[in-house]
$ cat data-v9.cif   # mmCIF, N, CA and C atoms
data_entry
loop_
_atom_site.group_PDB
_atom_site.id
_atom_site.type_symbol
_atom_site.label_atom_id
_atom_site.label_comp_id
_atom_site.auth_asym_id
_atom_site.auth_seq_id
_atom_site.Cartn_x
_atom_site.Cartn_y
_atom_site.Cartn_z
ATOM 1 N N MET A 1 0.987 17.130 -14.800
ATOM 2 C CA MET A 1 0.916 16.324 -13.603
ATOM 3 C C MET A 1 2.074 16.683 -12.678
ATOM 4 N N SER A 2 2.043 17.838 -12.118
ATOM 5 C CA SER A 2 3.157 18.273 -11.279
ATOM 6 C C SER A 2 2.760 18.434 -9.819
ATOM 7 N N GLU A 3 1.548 18.073 -9.496
ATOM 8 C CA GLU A 3 1.098 18.202 -8.118
ATOM 9 C C GLU A 3 1.827 17.220 -7.213
ATOM 10 N N ASN A 4 2.106 17.643 -5.997
ATOM 11 C CA ASN A 4 2.678 16.746 -5.003
ATOM 12 C C ASN A 4 1.562 16.047 -4.260
ATOM 13 N N LEU A 5 1.893 14.914 -3.692
ATOM 14 C CA LEU A 5 0.939 14.162 -2.900
ATOM 15 C C LEU A 5 0.555 14.986 -1.678
ATOM 16 N N ASN A 6 -0.732 15.196 -1.489
ATOM 17 C CA ASN A 6 -1.221 16.027 -0.398
ATOM 18 C C ASN A 6 -1.868 15.143 0.662
ATOM 19 N N ASP A 7 -1.070 14.257 1.258
ATOM 20 C CA ASP A 7 -1.601 13.326 2.247
ATOM 21 C C ASP A 7 -0.438 12.793 3.075
ATOM 22 N N ASP A 8 -0.742 12.383 4.291
ATOM 23 C CA ASP A 8 0.230 11.680 5.119
ATOM 24 C C ASP A 8 -0.089 10.193 5.005
ATOM 25 N N ILE A 9 0.794 9.462 4.323
ATOM 26 C CA ILE A 9 0.620 8.033 4.092
ATOM 27 C C ILE A 9 1.639 7.284 4.942
ATOM 28 N N PHE A 10 1.194 6.234 5.619
ATOM 29 C CA PHE A 10 2.069 5.400 6.431
ATOM 30 C C PHE A 10 1.940 3.958 5.938
ATOM 31 N N VAL A 11 3.089 3.311 5.696
ATOM 32 C CA VAL A 11 3.091 1.959 5.158
ATOM 33 C C VAL A 11 3.871 1.045 6.094
ATOM 34 N N THR A 12 3.263 -0.098 6.429
ATOM 35 C CA THR A 12 3.920 -1.123 7.227
ATOM 36 C C THR A 12 3.934 -2.416 6.426
ATOM 37 N N HIS A 13 5.117 -2.995 6.251
ATOM 38 C CA HIS A 13 5.274 -4.264 5.548
ATOM 39 C C HIS A 13 5.557 -5.332 6.597
ATOM 40 N N THR A 14 4.633 -6.290 6.749
ATOM 41 C CA THR A 14 4.748 -7.337 7.757
ATOM 42 C C THR A 14 4.988 -8.675 7.073
ATOM 43 N N MET A 15 6.021 -9.377 7.534
ATOM 44 C CA MET A 15 6.337 -10.688 6.978
ATOM 45 C C MET A 15 6.475 -11.697 8.114
ATOM 46 N N GLY A 16 5.960 -12.890 7.889
ATOM 47 C CA GLY A 16 6.099 -13.973 8.849
ATOM 48 C C GLY A 16 5.011 -13.989 9.894
ATOM 49 N N GLY A 17 5.062 -14.991 10.729
ATOM 50 C CA GLY A 17 4.083 -15.163 11.792
ATOM 51 C C GLY A 17 3.747 -16.635 11.952
ATOM 52 N N MET A 18 4.179 -17.233 13.053
ATOM 53 C CA MET A 18 3.988 -18.670 13.259
ATOM 54 C C MET A 18 2.528 -19.068 13.410
ATOM 55 N N LEU A 19 1.708 -18.237 14.046
ATOM 56 C CA LEU A 19 0.307 -18.623 14.240
ATOM 57 C C LEU A 19 -0.403 -18.814 12.900
ATOM 58 N N GLU A 20 -0.245 -17.872 12.015
ATOM 59 C CA GLU A 20 -0.894 -18.001 10.712
ATOM 60 C C GLU A 20 -0.264 -19.116 9.891
ATOM 61 N N PHE A 21 1.062 -19.296 10.022
ATOM 62 C CA PHE A 21 1.744 -20.373 9.304
ATOM 63 C C PHE A 21 1.213 -21.730 9.751
ATOM 64 N N GLN A 22 0.982 -21.898 11.053
ATOM 65 C CA GLN A 22 0.465 -23.169 11.565
ATOM 66 C C GLN A 22 -0.935 -23.449 11.040
ATOM 67 N N LYS A 23 -1.739 -22.406 10.860
ATOM 68 C CA LYS A 23 -3.107 -22.585 10.361
ATOM 69 C C LYS A 23 -3.149 -22.829 8.859
ATOM 70 N N THR A 24 -2.328 -22.074 8.108
ATOM 71 C CA THR A 24 -2.448 -22.095 6.649
ATOM 72 C C THR A 24 -1.286 -22.769 5.933
ATOM 73 N N GLY A 25 -0.138 -22.904 6.595
ATOM 74 C CA GLY A 25 1.040 -23.453 5.943
ATOM 75 C C GLY A 25 1.774 -22.441 5.079
ATOM 76 N N ILE A 26 1.369 -21.183 5.148
ATOM 77 C CA ILE A 26 1.985 -20.116 4.354
ATOM 78 C C ILE A 26 2.379 -18.977 5.292
ATOM 79 N N TYR A 27 3.621 -18.496 5.119
ATOM 80 C CA TYR A 27 4.031 -17.326 5.891
ATOM 81 C C TYR A 27 3.357 -16.085 5.313
ATOM 82 N N PRO A 28 2.679 -15.306 6.138
ATOM 83 C CA PRO A 28 2.018 -14.104 5.636
ATOM 84 C C PRO A 28 3.017 -13.036 5.191
ATOM 85 N N ASN A 29 2.630 -12.298 4.181
ATOM 86 C CA ASN A 29 3.415 -11.189 3.649
ATOM 87 C C ASN A 29 2.396 -10.118 3.280
ATOM 88 N N LYS A 30 2.293 -9.065 4.098
ATOM 89 C CA LYS A 30 1.201 -8.096 3.953
ATOM 90 C C LYS A 30 1.694 -6.655 4.011
ATOM 91 N N LEU A 31 0.922 -5.784 3.370
ATOM 92 C CA LEU A 31 1.122 -4.338 3.474
ATOM 93 C C LEU A 31 -0.077 -3.748 4.203
ATOM 94 N N ARG A 32 0.202 -2.787 5.079
ATOM 95 C CA ARG A 32 -0.852 -2.013 5.732
ATOM 96 C C ARG A 32 -0.584 -0.564 5.371
ATOM 97 N N ILE A 33 -1.521 0.044 4.656
ATOM 98 C CA ILE A 33 -1.354 1.411 4.173
ATOM 99 C C ILE A 33 -2.440 2.264 4.824
ATOM 100 N N SER A 34 -2.028 3.321 5.512
ATOM 101 C CA SER A 34 -3.015 4.192 6.151
ATOM 102 C C SER A 34 -2.864 5.616 5.637
ATOM 103 N N SER A 35 -4.013 6.273 5.489
ATOM 104 C CA SER A 35 -4.075 7.630 4.977
ATOM 105 C C SER A 35 -4.773 8.522 6.000
ATOM 106 N N LEU A 36 -4.111 9.618 6.366
ATOM 107 C CA LEU A 36 -4.759 10.579 7.264
ATOM 108 C C LEU A 36 -5.813 11.399 6.529
ATOM 109 N N LYS A 37 -5.533 11.738 5.280
ATOM 110 C CA LYS A 37 -6.462 12.558 4.499
ATOM 111 C C LYS A 37 -7.823 11.883 4.364
ATOM 112 N N TYR A 38 -7.822 10.593 4.059
ATOM 113 C CA TYR A 38 -9.069 9.860 3.863
ATOM 114 C C TYR A 38 -9.518 9.104 5.102
ATOM 115 N N ASP A 39 -8.703 9.130 6.176
ATOM 116 C CA ASP A 39 -9.001 8.411 7.410
ATOM 117 C C ASP A 39 -9.370 6.963 7.082
ATOM 118 N N HIS A 40 -8.472 6.300 6.341
ATOM 119 C CA HIS A 40 -8.759 4.957 5.854
ATOM 120 C C HIS A 40 -7.500 4.100 5.925
ATOM 121 N N VAL A 41 -7.692 2.793 6.118
ATOM 122 C CA VAL A 41 -6.582 1.839 6.158
ATOM 123 C C VAL A 41 -6.876 0.731 5.152
ATOM 124 N N TRP A 42 -5.871 0.428 4.323
ATOM 125 C CA TRP A 42 -5.969 -0.670 3.367
ATOM 126 C C TRP A 42 -5.027 -1.771 3.823
ATOM 127 N N ARG A 43 -5.469 -3.026 3.725
ATOM 128 C CA ARG A 43 -4.628 -4.185 4.031
ATOM 129 C C ARG A 43 -4.538 -5.020 2.758
ATOM 130 N N ILE A 44 -3.298 -5.257 2.325
ATOM 131 C CA ILE A 44 -3.080 -5.907 1.035
ATOM 132 C C ILE A 44 -2.123 -7.070 1.214
ATOM 133 N N LYS A 45 -2.475 -8.235 0.649
ATOM 134 C CA LYS A 45 -1.556 -9.367 0.622
ATOM 135 C C LYS A 45 -0.530 -9.138 -0.471
ATOM 136 N N VAL A 46 0.723 -9.360 -0.155
ATOM 137 C CA VAL A 46 1.780 -9.273 -1.156
ATOM 138 C C VAL A 46 1.902 -10.653 -1.789
ATOM 139 N N THR A 47 1.690 -10.730 -3.098
ATOM 140 C CA THR A 47 1.705 -12.012 -3.785
ATOM 141 C C THR A 47 2.842 -12.137 -4.790
ATOM 142 N N ASP A 48 3.405 -11.026 -5.244
ATOM 143 C CA ASP A 48 4.476 -11.040 -6.235
ATOM 144 C C ASP A 48 5.616 -10.141 -5.786
ATOM 145 N N GLU A 49 6.794 -10.331 -6.421
ATOM 146 C CA GLU A 49 7.927 -9.466 -6.119
ATOM 147 C C GLU A 49 7.668 -8.039 -6.572
ATOM 148 N N ILE A 50 6.972 -7.892 -7.694
ATOM 149 C CA ILE A 50 6.562 -6.573 -8.179
ATOM 150 C C ILE A 50 5.040 -6.569 -8.175
ATOM 151 N N GLN A 51 4.476 -5.713 -7.367
ATOM 152 C CA GLN A 51 3.027 -5.679 -7.238
ATOM 153 C C GLN A 51 2.526 -4.267 -7.508
ATOM 154 N N THR A 52 1.538 -4.159 -8.383
ATOM 155 C CA THR A 52 0.910 -2.870 -8.671
ATOM 156 C C THR A 52 -0.577 -3.005 -8.411
ATOM 157 N N GLY A 53 -1.210 -1.889 -8.127
ATOM 158 C CA GLY A 53 -2.639 -1.941 -7.876
ATOM 159 C C GLY A 53 -3.208 -0.569 -7.615
ATOM 160 N N VAL A 54 -4.460 -0.581 -7.182
ATOM 161 C CA VAL A 54 -5.156 0.657 -6.857
ATOM 162 C C VAL A 54 -5.698 0.559 -5.442
ATOM 163 N N LEU A 55 -5.827 1.707 -4.802
ATOM 164 C CA LEU A 55 -6.438 1.804 -3.485
ATOM 165 C C LEU A 55 -7.700 2.630 -3.650
ATOM 166 N N GLY A 56 -8.807 2.071 -3.222
ATOM 167 C CA GLY A 56 -10.074 2.766 -3.407
ATOM 168 C C GLY A 56 -10.875 2.849 -2.125
ATOM 169 N N ILE A 57 -11.849 3.738 -2.153
ATOM 170 C CA ILE A 57 -12.803 3.892 -1.061
ATOM 171 C C ILE A 57 -14.184 3.877 -1.686
ATOM 172 N N LYS A 58 -15.002 2.930 -1.264
ATOM 173 C CA LYS A 58 -16.361 2.751 -1.806
ATOM 174 C C LYS A 58 -16.336 2.679 -3.333
ATOM 175 N N ARG A 59 -15.428 1.854 -3.857
ATOM 176 C CA ARG A 59 -15.275 1.582 -5.289
ATOM 177 C C ARG A 59 -14.811 2.783 -6.116
ATOM 178 N N VAL A 60 -14.291 3.796 -5.455
ATOM 179 C CA VAL A 60 -13.720 4.954 -6.153
ATOM 180 C C VAL A 60 -12.211 4.927 -5.933
ATOM 181 N N VAL A 61 -11.443 4.869 -7.005
ATOM 182 C CA VAL A 61 -9.992 4.805 -6.914
ATOM 183 C C VAL A 61 -9.451 6.156 -6.456
ATOM 184 N N VAL A 62 -8.616 6.125 -5.396
ATOM 185 C CA VAL A 62 -8.001 7.357 -4.898
ATOM 186 C C VAL A 62 -6.482 7.342 -5.058
ATOM 187 N N TYR A 63 -5.865 6.149 -5.204
ATOM 188 C CA TYR A 63 -4.427 6.034 -5.380
ATOM 189 C C TYR A 63 -4.082 4.859 -6.290
ATOM 190 N N ASN A 64 -3.012 5.006 -7.052
ATOM 191 C CA ASN A 64 -2.320 3.901 -7.698
ATOM 192 C C ASN A 64 -1.099 3.617 -6.839
ATOM 193 N N TYR A 65 -0.667 2.342 -6.794
ATOM 194 C CA TYR A 65 0.552 2.051 -6.031
ATOM 195 C C TYR A 65 1.407 1.024 -6.756
ATOM 196 N N VAL A 66 2.699 1.054 -6.432
ATOM 197 C CA VAL A 66 3.670 0.077 -6.911
ATOM 198 C C VAL A 66 4.516 -0.333 -5.714
ATOM 199 N N PHE A 67 4.659 -1.640 -5.518
ATOM 200 C CA PHE A 67 5.512 -2.180 -4.466
ATOM 201 C C PHE A 67 6.486 -3.144 -5.131
ATOM 202 N N ASP A 68 7.785 -2.843 -5.036
ATOM 203 C CA ASP A 68 8.804 -3.687 -5.653
ATOM 204 C C ASP A 68 10.094 -3.592 -4.850
ATOM 205 N N GLU A 69 11.208 -4.071 -5.435
ATOM 206 C CA GLU A 69 12.481 -4.068 -4.711
ATOM 207 C C GLU A 69 12.972 -2.664 -4.398
ATOM 208 N N LYS A 70 12.465 -1.658 -5.101
ATOM 209 C CA LYS A 70 12.870 -0.271 -4.848
ATOM 210 C C LYS A 70 12.123 0.339 -3.666
ATOM 211 N N GLY A 71 10.992 -0.236 -3.288
ATOM 212 C CA GLY A 71 10.204 0.282 -2.186
ATOM 213 C C GLY A 71 8.737 0.426 -2.553
ATOM 214 N N PHE A 72 8.075 1.388 -1.919
ATOM 215 C CA PHE A 72 6.647 1.618 -2.117
ATOM 216 C C PHE A 72 6.450 3.012 -2.691
ATOM 217 N N ARG A 73 5.761 3.088 -3.828
ATOM 218 C CA ARG A 73 5.463 4.368 -4.472
ATOM 219 C C ARG A 73 3.962 4.486 -4.668
ATOM 220 N N ILE A 74 3.486 5.724 -4.585
ATOM 221 C CA ILE A 74 2.047 5.964 -4.677
ATOM 222 C C ILE A 74 1.785 7.206 -5.525
ATOM 223 N N GLN A 75 0.625 7.227 -6.168
ATOM 224 C CA GLN A 75 0.226 8.332 -7.044
ATOM 225 C C GLN A 75 -1.259 8.614 -6.787
ATOM 226 N N GLU A 76 -1.581 9.866 -6.539
ATOM 227 C CA GLU A 76 -2.972 10.228 -6.265
ATOM 228 C C GLU A 76 -3.788 10.260 -7.555
ATOM 229 N N VAL A 77 -5.048 9.825 -7.459
ATOM 230 C CA VAL A 77 -5.950 9.742 -8.608
ATOM 231 C C VAL A 77 -7.240 10.486 -8.280
ATOM 232 N N ARG A 78 -7.739 11.247 -9.250
ATOM 233 C CA ARG A 78 -9.042 11.898 -9.104
ATOM 234 C C ARG A 78 -9.797 11.733 -10.419
ATOM 235 N N ASP A 79 -11.020 11.276 -10.358
ATOM 236 C CA ASP A 79 -11.841 11.018 -11.555
ATOM 237 C C ASP A 79 -11.113 10.099 -12.537
ATOM 238 N N ASN A 80 -10.460 9.063 -11.988
ATOM 239 C CA ASN A 80 -9.719 8.058 -12.767
ATOM 240 C C ASN A 80 -8.542 8.632 -13.553
ATOM 241 N N VAL A 81 -8.061 9.817 -13.171
ATOM 242 C CA VAL A 81 -6.918 10.442 -13.831
ATOM 243 C C VAL A 81 -5.861 10.743 -12.764
ATOM 244 N N PRO A 82 -4.617 10.290 -12.959
ATOM 245 C CA PRO A 82 -3.564 10.612 -11.987
ATOM 246 C C PRO A 82 -3.347 12.123 -11.914
ATOM 247 N N ILE A 83 -3.298 12.645 -10.685
ATOM 248 C CA ILE A 83 -3.120 14.095 -10.520
ATOM 249 C C ILE A 83 -1.816 14.437 -9.813
ATOM 250 N N SER A 84 -1.040 13.426 -9.439
ATOM 251 C CA SER A 84 0.237 13.711 -8.787
ATOM 252 C C SER A 84 1.328 12.846 -9.416
ATOM 253 N N ASP A 85 2.572 13.261 -9.181
ATOM 254 C CA ASP A 85 3.704 12.445 -9.584
ATOM 255 C C ASP A 85 3.795 11.253 -8.632
ATOM 256 N N TRP A 86 4.586 10.256 -9.019
ATOM 257 C CA TRP A 86 4.829 9.121 -8.137
ATOM 258 C C TRP A 86 5.695 9.582 -6.977
ATOM 259 N N ASP A 87 5.227 9.334 -5.752
ATOM 260 C CA ASP A 87 5.984 9.675 -4.545
ATOM 261 C C ASP A 87 6.408 8.394 -3.840
ATOM 262 N N GLU A 88 7.681 8.350 -3.451
ATOM 263 C CA GLU A 88 8.161 7.200 -2.691
ATOM 264 C C GLU A 88 7.821 7.412 -1.220
ATOM 265 N N ILE A 89 7.279 6.374 -0.604
ATOM 266 C CA ILE A 89 6.855 6.437 0.794
ATOM 267 C C ILE A 89 7.750 5.495 1.590
ATOM 268 N N GLY A 90 8.302 5.981 2.677
ATOM 269 C CA GLY A 90 9.108 5.133 3.550
ATOM 270 C C GLY A 90 8.235 4.096 4.221
ATOM 271 N N MET A 91 8.794 2.910 4.433
ATOM 272 C CA MET A 91 8.048 1.801 5.048
ATOM 273 C C MET A 91 8.666 1.388 6.358
ATOM 274 N N THR A 92 7.817 0.913 7.236
ATOM 275 C CA THR A 92 8.256 0.215 8.432
ATOM 276 C C THR A 92 8.163 -1.263 8.110
ATOM 277 N N VAL A 93 9.240 -2.007 8.322
ATOM 278 C CA VAL A 93 9.254 -3.427 8.024
ATOM 279 C C VAL A 93 9.259 -4.191 9.348
ATOM 280 N N ILE A 94 8.322 -5.142 9.486
ATOM 281 C CA ILE A 94 8.207 -5.945 10.686
ATOM 282 C C ILE A 94 8.373 -7.411 10.298
ATOM 283 N N MET A 95 9.321 -8.074 10.927
ATOM 284 C CA MET A 95 9.549 -9.500 10.702
ATOM 285 C C MET A 95 9.049 -10.255 11.936
ATOM 286 N N ASN A 96 7.992 -11.027 11.778
ATOM 287 C CA ASN A 96 7.446 -11.824 12.880
ATOM 288 C C ASN A 96 8.037 -13.221 12.855
ATOM 289 N N ASP A 97 8.194 -13.787 14.034
ATOM 290 C CA ASP A 97 8.708 -15.150 14.112
ATOM 291 C C ASP A 97 7.655 -16.091 14.592
#

$ encode --input "data-v9.cif" --output "structure tokens"
Amino acid sequence: MSENLNDDIFVTHTMGGMLEFQKTGIYPNKLRISSLKYDHVWRIKVTDEIQTGVLGIKRVVVYNYVFDEKGFRIQEVRDNVPISDWDEIGMTVIMND
């Protein structure tokens, strides 16, 4: 498993927002992950301090991910087998008021 990630991944971590807080009583905490290779955007609610999961397209897993205090890491998957090492992806953090 020595392949490098062959994709341009962009991650935005958005926290806060008064409009949604007024409606739900909960401050939103979300990740937006976009892939140029797959021309796809995933939107994920952050529910835990350490969050792991998969990113899929039409029920086919294409990435595993980990989001924790160290940042955001991703691993490419093909035929349910990881084919790349874990790559750390820089994030844009947006704090809404």

$ resolve_selection --input "data-v9.cif" --expression "the PyMOL selection byres ((chain A and resi 64) around 5)" --output "JSON, numbers by chain"
{"A": [53, 54, 55, 62, 63, 65, 66, 74, 75]}

$ closest_residue --input "data-v9.cif" --among "A:His40, A:Arg78, A:Lys30, A:Lys45" --to "A:Met95" --atoms "only C-alpha atoms"
A:Lys30

$ closest_residue --input "data-v9.cif" --among "A:Gly56, A:Asp87, A:Arg43, A:Val61" --to "A:Asp7" --atoms "only C-alpha atoms"
A:Asp87

$ resolve_selection --input "data-v9.cif" --expression "the PyMOL selection byres ((chain A and resi 50) around 5)" --output "PDB file with N, CA and C atoms, keeping the file's coordinate frame"
ATOM      1  N   ASP A  48       3.405 -11.026  -5.244  1.00  0.00           N
ATOM      2  CA  ASP A  48       4.476 -11.040  -6.235  1.00  0.00           C
ATOM      3  C   ASP A  48       5.616 -10.141  -5.786  1.00  0.00           C
ATOM      4  N   GLU A  49       6.794 -10.331  -6.421  1.00  0.00           N
ATOM      5  CA  GLU A  49       7.927  -9.466  -6.119  1.00  0.00           C
ATOM      6  C   GLU A  49       7.668  -8.039  -6.572  1.00  0.00           C
ATOM      7  N   GLN A  51       4.476  -5.713  -7.367  1.00  0.00           N
ATOM      8  CA  GLN A  51       3.027  -5.679  -7.238  1.00  0.00           C
ATOM      9  C   GLN A  51       2.526  -4.267  -7.508  1.00  0.00           C
ATOM     10  N   THR A  52       1.538  -4.159  -8.383  1.00  0.00           N
ATOM     11  CA  THR A  52       0.910  -2.870  -8.671  1.00  0.00           C
ATOM     12  C   THR A  52      -0.577  -3.005  -8.411  1.00  0.00           C
ATOM     13  N   PHE A  67       4.659  -1.640  -5.518  1.00  0.00           N
ATOM     14  CA  PHE A  67       5.512  -2.180  -4.466  1.00  0.00           C
ATOM     15  C   PHE A  67       6.486  -3.144  -5.131  1.00  0.00           C
ATOM     16  N   ASP A  68       7.785  -2.843  -5.036  1.00  0.00           N
ATOM     17  CA  ASP A  68       8.804  -3.687  -5.653  1.00  0.00           C
ATOM     18  C   ASP A  68      10.094  -3.592  -4.850  1.00  0.00           C
TER      19      ASP A  68
END

$ select_by_dssp --input "data-v9.cif" --residues "stretch 12-78 of chain A" --states "alpha helix (DSSP H)" --output "list in words"
Met18, Leu19, Glu20, Phe21, Gln22, Lys23 and Thr24 of chain A

$ decode --input "data-v9.cif" --residues "stretch 30-49 of chain A" --atoms "N, CA and C atoms" --output "PDB file, in the first residue's frame"
ATOM      1  N   LYS A  30     -19.894  21.165  10.776  1.00  0.00           N
ATOM      2  CA  LYS A  30     -19.964  20.371   9.544  1.00  0.00           C
ATOM      3  C   LYS A  30     -18.639  20.352   8.791  1.00  0.00           C
ATOM      4  N   LEU A  31     -18.458  19.281   8.026  1.00  0.00           N
ATOM      5  CA  LEU A  31     -17.343  19.174   7.083  1.00  0.00           C
ATOM      6  C   LEU A  31     -17.917  19.176   5.673  1.00  0.00           C
ATOM      7  N   ARG A  32     -17.229  19.878   4.777  1.00  0.00           N
ATOM      8  CA  ARG A  32     -17.560  19.839   3.353  1.00  0.00           C
ATOM      9  C   ARG A  32     -16.307  19.353   2.651  1.00  0.00           C
ATOM     10  N   ILE A  33     -16.407  18.198   2.008  1.00  0.00           N
ATOM     11  CA  ILE A  33     -15.257  17.576   1.359  1.00  0.00           C
ATOM     12  C   ILE A  33     -15.556  17.506  -0.137  1.00  0.00           C
ATOM     13  N   SER A  34     -14.673  18.082  -0.942  1.00  0.00           N
ATOM     14  CA  SER A  34     -14.888  18.042  -2.390  1.00  0.00           C
ATOM     15  C   SER A  34     -13.704  17.375  -3.074  1.00  0.00           C
ATOM     16  N   SER A  35     -14.029  16.616  -4.119  1.00  0.00           N
ATOM     17  CA  SER A  35     -13.040  15.871  -4.879  1.00  0.00           C
ATOM     18  C   SER A  35     -13.111  16.290  -6.344  1.00  0.00           C
ATOM     19  N   LEU A  36     -11.964  16.683  -6.895  1.00  0.00           N
ATOM     20  CA  LEU A  36     -11.930  17.000  -8.326  1.00  0.00           C
ATOM     21  C   LEU A  36     -11.963  15.734  -9.174  1.00  0.00           C
ATOM     22  N   LYS A  37     -11.294  14.692  -8.706  1.00  0.00           N
ATOM     23  CA  LYS A  37     -11.230  13.439  -9.463  1.00  0.00           C
ATOM     24  C   LYS A  37     -12.622  12.862  -9.704  1.00  0.00           C
ATOM     25  N   TYR A  38     -13.450  12.850  -8.669  1.00  0.00           N
ATOM     26  CA  TYR A  38     -14.789  12.280  -8.777  1.00  0.00           C
ATOM     27  C   TYR A  38     -15.862  13.323  -9.045  1.00  0.00           C
ATOM     28  N   ASP A  39     -15.479  14.615  -9.071  1.00  0.00           N
ATOM     29  CA  ASP A  39     -16.418  15.712  -9.277  1.00  0.00           C
ATOM     30  C   ASP A  39     -17.611  15.549  -8.331  1.00  0.00           C
ATOM     31  N   HIS A  40     -17.295  15.420  -7.036  1.00  0.00           N
ATOM     32  CA  HIS A  40     -18.327  15.132  -6.047  1.00  0.00           C
ATOM     33  C   HIS A  40     -18.048  15.912  -4.766  1.00  0.00           C
ATOM     34  N   VAL A  41     -19.118  16.255  -4.046  1.00  0.00           N
ATOM     35  CA  VAL A  41     -19.005  16.961  -2.769  1.00  0.00           C
ATOM     36  C   VAL A  41     -19.779  16.169  -1.721  1.00  0.00           C
ATOM     37  N   TRP A  42     -19.125  15.938  -0.578  1.00  0.00           N
ATOM     38  CA  TRP A  42     -19.765  15.272   0.552  1.00  0.00           C
ATOM     39  C   TRP A  42     -19.950  16.299   1.655  1.00  0.00           C
ATOM     40  N   ARG A  43     -21.104  16.269   2.324  1.00  0.00           N
ATOM     41  CA  ARG A  43     -21.371  17.133   3.476  1.00  0.00           C
ATOM     42  C   ARG A  43     -21.638  16.219   4.668  1.00  0.00           C
ATOM     43  N   ILE A  44     -20.849  16.423   5.724  1.00  0.00           N
ATOM     44  CA  ILE A  44     -20.896  15.514   6.867  1.00  0.00           C
ATOM     45  C   ILE A  44     -21.060  16.316   8.143  1.00  0.00           C
ATOM     46  N   LYS A  45     -21.999  15.897   9.005  1.00  0.00           N
ATOM     47  CA  LYS A  45     -22.130  16.497  10.327  1.00  0.00           C
ATOM     48  C   LYS A  45     -21.044  15.937  11.226  1.00  0.00           C
ATOM     49  N   VAL A  46     -20.380  16.804  11.953  1.00  0.00           N
ATOM     50  CA  VAL A  46     -19.388  16.367  12.928  1.00  0.00           C
ATOM     51  C   VAL A  46     -20.130  16.136  14.238  1.00  0.00           C
ATOM     52  N   THR A  47     -20.080  14.909  14.744  1.00  0.00           N
ATOM     53  CA  THR A  47     -20.819  14.565  15.948  1.00  0.00           C
ATOM     54  C   THR A  47     -19.916  14.201  17.120  1.00  0.00           C
ATOM     55  N   ASP A  48     -18.670  13.828  16.861  1.00  0.00           N
ATOM     56  CA  ASP A  48     -17.741  13.426  17.911  1.00  0.00           C
ATOM     57  C   ASP A  48     -16.410  14.138  17.732  1.00  0.00           C
ATOM     58  N   GLU A  49     -15.594  14.130  18.810  1.00  0.00           N
ATOM     59  CA  GLU A  49     -14.264  14.717  18.714  1.00  0.00           C
ATOM     60  C   GLU A  49     -13.377  13.925  17.769  1.00  0.00           C
TER      61      GLU A  49
END
